[in-house]
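First comes the structure, then the notes that go with it.
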Amino acid sequence: MKENGHREILATILDTTRECVIVAGADSRISGWNEAARLAFSPNLSPEGRRISEVLRDLDLHEAFRRALEDGVESEIRLETNGGDRKFDVHVSPLDLGGEREAIAFFYETTRLDRLEVVRQEFLSNISHELRTPLTSILAFVETLEDGGIDDEGNSRRFLGVIRRNAERMNSLIADILELSQIEAGRVAVEPKMVDLGSLVNEIFTALGSKADSRDVTLRSAVGEGVRVFADARRLEQMLVNLIDNAIKFNRTGGEVNVSHERQGDIDLISVSDTGEGILPEHLARIFERFYRIDRARSREMGGTGLGLAIVKHLARLHNGDVSVESELGKGSTFRIELPAPAK
Ligand code: ADP
């Protein structure tokens, strides 16, 4: 009776845990489980009395239960289910409940952590690669200068220019990486106030004017006078600079960039349109990812880091807004920032 009482309490407690728990007795037949385990491994059929190997076909798990039941030894194994979709660290140990020996397995799901680890490693390898590219170039040109190139006045100036450009590239890459990591760590707070959108756009046009001129791109603003949006001025400027800079870079010679504003219900929509080559549908969903670029070499050549749109997305979301893109191949693209109006 007492034992049953214990078992009931234990079963109730285990049913509240998110980790899957399975108990098996003689012959590796399942004698206990919690709700999480049933849902994960045997949603349609009661696990009662079935062999572990019938519910989870995994040799290591089977062996771990055998060792716990026969040898009284605990073990730790890795388990993948659903063709690798779910991953677990499993701890199997002998269990003595006063009767014959049983074994208990706790399944700690690591699917999300494993995925984050892959993202982290990809990010690190991207960063290393992106930093190494300009660094290799700097080292090569310094070597050429050291090997006598410095005596050639015309060429050495040119080499210094290349070194400077690559160093600047590394600088902006590091600035973007730091910025992104600050935002992702939740260390960037936005302080929205009413911002005069027309003036802000004009200031950005002035700052980017020579870049637009050099590509023969015309900058136009259709933002009406007196339009004010609720945003952190510095962060809104950062978002718009990124979008307008891209609209210039990925435009055609003689093209246009148009910035406009529209109010839809409680949302302010700020659009940046270009007359560039447009973006294929398969890229559209991915261009807001860190380091995703349609043409890596071209982006690099134009001083891009591949982090600009990721930063814009984060900043828009910090405003409880968002950013989206529409594009038509051969005609151009429109990026739209959505900002919720202040609560009245
Ligand atoms: P980058 O530093 O390369 O500009 P972004 O994160 O700002 O990085 O943009 C990612 C990629 O999205 C760019 O490399 C480019 O391929 C694509 N892209 C961004 N804006 C535009 C645009 N206006 N027209 C076409 N492609 C664009």
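In the structure tokens, chains take letters A, B, ... by order of appearance, with residues numbered from 1 within each chain and ligands from 1 in the order shown.
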**Asked** Which residues form the shell of 6 Å around ligand 1 when you count only C-alpha atoms and all ligand atoms, given as a list in words?
**Response**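 Result of the 6 Å neighbour search around ligand 1: Asn246, Ala247, Phe250, Gly276, Gly278, Ile279, Ile287, Tyr292, Arg293, Ile294, Asp295, Ser299, Gly304, Thr305, Gly306, Leu307, Gly308, Leu309, Ala310 and Ser333 of chain A.
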**Asked** Which of stretch 241-325 of chain A counts as strand (DSSP E or B) under DSSP, as a PyMOL selection string please?
**Response** chain A and resi 256-264+267-274+322-325
**Prompt:** With only C-alpha atoms as the atoms that count, which of A:Leu69, A:Glu237, A:Arg86, A:Lys211 lies nearest to A:Arg112?
**Reply:**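 Of all the options, A:Arg86 lies closest to A:Arg112.
Between atom CA of A:Ile52 and atom CA of A:Ala37 there is a distance of 11.9 Å.
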**Item:** Between atom CA of A:Arg220 and atom CA of A:Asp232, distance in Å (one decimal)
**Value:** 23.1 Å
**Message:** Please list as JSON, numbers by chain every residue within 7 Å of A:Asn258, counting only C-alpha atoms and excluding residues in the same chain fewer than 6 positions away.
**Reply:** {"A": [219, 220, 221, 272, 273, 274]}
**Asked** Residues at most 7 Å from stretch 151-168 of chain A, counting only C-alpha atoms, excluding those fewer than 3 positions away in the same chain, as a PyMOL selection string?
**Response** chain A and resi 134+138+141+145+148+171-172
**Request:** Find the spatial neighbours of A:Ile248, counting only C-alpha atoms, within a cut-off of 10 Å - ignore same-chain residues fewer than 6 positions away - and output them as a ChimeraX atom specification.
**Result:** /A:208-209,211-219,255-257,273-276
**Request:** May I have the residues within 9 Å of A:Glu109 as an NGL selection string, using only C-alpha atoms and disregarding those fewer than 6 positions away in the same chain?
**Result:** :A and (19-20 or 86-90)
**Item:** Non-local contacts of A:Arg66 (9 Å; only C-alpha atoms; under 4 positions in same chain excluded) as a list in words
**Value:** Asp27, Ser28, Leu61, His62, Glu70, Asp71, Gly72 and Ala103 of chain A
